[in-house]
Structure formats: structure tokens, C-alpha cells
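Accompanying notes for the structure given below.
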Amino acid sequence: MACVNVTNVVVLDNPARFTSPFQFEVSFECLAPISDDIEWKLIYVGSAQSSEHDQCLDSVLVGPMQVGGYRIVFQAEPPNPEAIPPDDLLGVTVILLSCFYHDREFIRIGYYVNIEYDSPELQEMPPVVPIYERMVRNIVAAEPRVTRYQIDWT
């Protein structure tokens, strides 16, 4: 049985500029006392072709925890666009919100993210040199993909 159960995730500031921080309000309950930290990580998938372009945007430790309900606002800086292949900069990608206990992942919440320019003209004729400040991201918050993993909580 899992000791931590995620009850809700709210994507804040969505849609937003590509250059804006990500913000997630995460509600969860601790079903048994945990003496060590859990670690939340936010991963931006830079390319569907290879995980070498994935960027860990931030991680935060929470704990130890007693039985009860908790809520955190997890904020992370945007990805480094220079580390994303040019062909993968626009279009659909994925952001992963994962949680670990003793380096073992027990939940992964994935969201599709659409990146596009903020004007029809730039969408139809994207510039050769990307204009990051004109890019907008829209997280498909209503349709997360949640994967739970059984781990040893001892």
C-alpha cells in the first residue's frame, strides 16, 4: 500500500509564455508516518526521439511527514531552449511531475504541452531564429496521464 496518495494537481498560470516559470499546486495525503523526505521532480521532455534532451527543471524535498493532508506549490524555471533540438521546439511535448521516496519513483503525472507562437503570422511562417519571448505554452491540464508504481516504503 502506498504511504502517499496524490489527491489533486492544479496547473497554475496556464497558458503562459514559454519563458515563464511552471507552477503546480499539488495536494496529497500521507497515509502513514514517513520519517524521510519525498522528492518531487519536474522533467521537461525536450525531444520524443531521445531522453538526452530531457531537462530536470527543479526538484524539491518534502518531509518528514505525519498522517494527514498536505499541499505544496511547486514552481520551476522554464526549460533552456538552447538544449532543445530546433525541430522539437514548437509543437507538442510532455512535462512530467514525478515523486520519489528513497530514489524510487511511486507516481508520475504526465501532461501534454503545446508550444506555439502567439500570432497567426509567426505560426504560419516561423522565424529561422526562434523568438522565445513570442512563444506560448499551453498545458493540457484536463487530461493528465497518471502512472503509479508499487515501491517498498520501508
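The chains in the C-alpha cells are called A, B, ... from first to last as shown; in each chain the residues are counted from 1, and the ligands are counted from 1 in the order shown.
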
Original post:
Where in chain A does DSSP assign alpha helix (DSSP H), given as a VMD selection string?
Top reply: chain A and resid 120 to 124

Could you save those same residues with C-alpha atoms as a PDB file, in the first residue's frame?
```pdb
ATOM      1  CA  PRO A 120      -1.023  33.700 -36.639  1.00  0.00           C
ATOM      2  CA  GLU A 121       1.715  35.271 -38.774  1.00  0.00           C
ATOM      3  CA  LEU A 122       4.516  33.674 -36.745  1.00  0.00           C
ATOM      4  CA  GLN A 123       2.628  30.370 -36.577  1.00  0.00           C
ATOM      5  CA  GLU A 124       2.336  30.252 -40.369  1.00  0.00           C
TER       6      GLU A 124
END
```

**OP:** Please report, as a ChimeraX atom specification, each residue of chain A to which DSSP assigns strand (DSSP E or B) when run on this structure's backbone.
**Re:** /A:4-12,16-17,22-30,34,38-45,55-62,65,68-76,91-101,104-117,135-139,145-148

Original post:
Which residue gives the smallest distance to Glu25 of chain A among A:Val60, A:Met125, A:Leu12, A:Ile131, with only C-alpha atoms counted?
Top reply: A:Leu12

**OP:** Would you please work out which residue, of A:Pro81, A:Pro130, A:Gly68, A:Pro86, is nearest to Val6 of chain A when using only C-alpha atoms?
**Re:** A:Gly68

Original post:
So which residues touch segment 75-78 of chain A within 10 Å, counting only C-alpha atoms, skipping near sequence neighbours fewer than 3 positions away, as a ChimeraX atom specification?
Top reply: /A:12,17-25,41-44,55-60,72,81

Subject >> Spatial neighbours of Val26 of chain A, max dist 12 Å, only C-alpha atoms, sep filter under 4 positions, as number ranges by chain >> reply: A: 5-12, 40, 62, 69-75, 97-99, 109

Output for the residues just chosen: C-alpha atoms as a compact mmCIF listing (two decimals), in the first residue's frame:
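Result written to selection_32.txt:
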```txt
# COMPACT_ATOMS: atom_id res chain seq x y z
CA ASN A 5 -1.65 9.41 -2.21
CA VAL A 6 -1.85 12.37 -4.60
CA THR A 7 -5.40 13.73 -4.45
CA ASN A 8 -5.22 16.68 -6.84
CA VAL A 9 -2.88 18.67 -9.08
CA VAL A 10 -3.81 22.12 -10.34
CA VAL A 11 -1.76 23.66 -13.15
CA LEU A 12 -1.39 27.36 -12.31
CA TRP A 40 9.14 15.96 -6.28
CA VAL A 62 9.15 17.47 1.46
CA GLY A 69 -3.27 16.20 4.20
CA TYR A 70 -0.63 18.39 2.58
CA ARG A 71 -0.49 20.96 -0.20
CA ILE A 72 2.53 22.48 -1.90
CA VAL A 73 3.01 24.91 -4.77
CA PHE A 74 5.86 23.61 -6.88
CA GLN A 75 7.43 26.29 -9.08
CA LEU A 97 5.72 15.65 -12.46
CA SER A 98 7.18 12.71 -10.54
CA CYS A 99 7.56 11.85 -6.88
CA ILE A 109 1.87 12.58 -13.72
```

**OP:** Could you give me, as number ranges by chain, the residues within 12 Å of Tyr149 of chain A, counting only C-alpha atoms and dropping anything in the same chain fewer than 6 positions from it?
**Re:** A: 1-5, 98-101, 104-109

Subject >> Distance criterion (only C-alpha atoms): nearest to Pro64 of chain A out of A:Asn80, A:Thr154, A:Ser50, A:Ser35 >> reply: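 Comparing A:Asn80, A:Thr154, A:Ser50, A:Ser35 against Pro64 of chain A, the winner is A:Ser35.
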
Original post:
In Å to one decimal, how far is atom CA of Ala16 of chain A from atom CA of Asn114 of chain A?
Top reply: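 Going from atom CA of Asn114 of chain A over to atom CA of Ala16 of chain A covers 10.8 Å.
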
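Near Ser47 of chain A, within 12 Å and counting only C-alpha atoms, sit A:His53, A:Asp54, A:Gln55, A:Pro81, A:Ala83, A:Ile84, A:Pro85, A:Pro86, A:Asp87, A:Asp88, A:Leu89, A:Leu90, A:Gly91, A:Val92, A:Thr93, A:Val94, A:Ile95; same-chain residues fewer than 6 positions away were not included.
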
Take the selection from the previous step and output its residues with N, CA and C atoms, as a PDB file, in the first residue's frame.
```
ATOM      1  N   HIS A  53      17.689  14.866 -24.260  1.00  0.00           N
ATOM      2  CA  HIS A  53      17.250  16.263 -24.287  1.00  0.00           C
ATOM      3  C   HIS A  53      16.281  16.594 -23.153  1.00  0.00           C
ATOM      4  N   ASP A  54      15.971  15.606 -22.304  1.00  0.00           N
ATOM      5  CA  ASP A  54      15.109  15.860 -21.149  1.00  0.00           C
ATOM      6  C   ASP A  54      15.832  16.790 -20.180  1.00  0.00           C
ATOM      7  N   GLN A  55      15.085  17.694 -19.578  1.00  0.00           N
ATOM      8  CA  GLN A  55      15.661  18.637 -18.620  1.00  0.00           C
ATOM      9  C   GLN A  55      14.922  18.540 -17.293  1.00  0.00           C
ATOM     10  N   PRO A  81      15.887  26.684 -23.771  1.00  0.00           N
ATOM     11  CA  PRO A  81      15.528  26.397 -25.162  1.00  0.00           C
ATOM     12  C   PRO A  81      16.720  26.002 -26.026  1.00  0.00           C
ATOM     13  N   ALA A  83      18.892  23.895 -25.308  1.00  0.00           N
ATOM     14  CA  ALA A  83      19.131  22.457 -25.143  1.00  0.00           C
ATOM     15  C   ALA A  83      18.069  21.605 -25.834  1.00  0.00           C
ATOM     16  N   ILE A  84      17.121  22.254 -26.502  1.00  0.00           N
ATOM     17  CA  ILE A  84      16.052  21.550 -27.214  1.00  0.00           C
ATOM     18  C   ILE A  84      16.383  21.565 -28.702  1.00  0.00           C
ATOM     19  N   PRO A  85      16.316  20.415 -29.377  1.00  0.00           N
ATOM     20  CA  PRO A  85      16.564  20.417 -30.822  1.00  0.00           C
ATOM     21  C   PRO A  85      15.614  21.392 -31.530  1.00  0.00           C
ATOM     22  N   PRO A  86      16.115  22.158 -32.488  1.00  0.00           N
ATOM     23  CA  PRO A  86      15.283  23.164 -33.163  1.00  0.00           C
ATOM     24  C   PRO A  86      13.974  22.605 -33.727  1.00  0.00           C
ATOM     25  N   ASP A  87      14.011  21.392 -34.259  1.00  0.00           N
ATOM     26  CA  ASP A  87      12.795  20.798 -34.828  1.00  0.00           C
ATOM     27  C   ASP A  87      11.771  20.419 -33.765  1.00  0.00           C
ATOM     28  N   ASP A  88      12.184  20.345 -32.500  1.00  0.00           N
ATOM     29  CA  ASP A  88      11.284  19.956 -31.413  1.00  0.00           C
ATOM     30  C   ASP A  88      10.853  21.135 -30.546  1.00  0.00           C
ATOM     31  N   LEU A  89      11.287  22.331 -30.894  1.00  0.00           N
ATOM     32  CA  LEU A  89      10.985  23.500 -30.069  1.00  0.00           C
ATOM     33  C   LEU A  89       9.496  23.844 -30.090  1.00  0.00           C
ATOM     34  N   LEU A  90       8.875  23.761 -31.251  1.00  0.00           N
ATOM     35  CA  LEU A  90       7.446  24.050 -31.392  1.00  0.00           C
ATOM     36  C   LEU A  90       6.665  22.752 -31.535  1.00  0.00           C
ATOM     37  N   GLY A  91       5.392  22.810 -31.186  1.00  0.00           N
ATOM     38  CA  GLY A  91       4.541  21.628 -31.310  1.00  0.00           C
ATOM     39  C   GLY A  91       4.241  21.037 -29.946  1.00  0.00           C
ATOM     40  N   VAL A  92       3.986  19.739 -29.941  1.00  0.00           N
ATOM     41  CA  VAL A  92       3.561  19.060 -28.717  1.00  0.00           C
ATOM     42  C   VAL A  92       4.732  18.336 -28.067  1.00  0.00           C
ATOM     43  N   THR A  93       4.846  18.504 -26.758  1.00  0.00           N
ATOM     44  CA  THR A  93       5.825  17.775 -25.963  1.00  0.00           C
ATOM     45  C   THR A  93       5.139  17.330 -24.680  1.00  0.00           C
ATOM     46  N   VAL A  94       5.938  16.948 -23.685  1.00  0.00           N
ATOM     47  CA  VAL A  94       5.399  16.419 -22.435  1.00  0.00           C
ATOM     48  C   VAL A  94       6.155  17.028 -21.263  1.00  0.00           C
ATOM     49  N   ILE A  95       5.435  17.263 -20.174  1.00  0.00           N
ATOM     50  CA  ILE A  95       6.041  17.646 -18.897  1.00  0.00           C
ATOM     51  C   ILE A  95       5.663  16.565 -17.891  1.00  0.00           C
TER      52      ILE A  95
END
```

Write out as a PDB file with C-alpha atoms, in the first residue's frame the residues lying within 7 Å of Arg134 of chain A, counting only C-alpha atoms and excluding same-chain residues fewer than 2 positions away.
```pdb
ATOM      1  CA  TYR A 117       3.893  31.380 -31.399  1.00  0.00           C
ATOM      2  CA  ASP A 118       1.478  33.999 -30.104  1.00  0.00           C
ATOM      3  CA  ILE A 131      11.872  34.260 -30.766  1.00  0.00           C
ATOM      4  CA  TYR A 132      11.396  32.617 -27.364  1.00  0.00           C
ATOM      5  CA  VAL A 136       3.311  30.420 -25.649  1.00  0.00           C
TER       6      VAL A 136
END
```
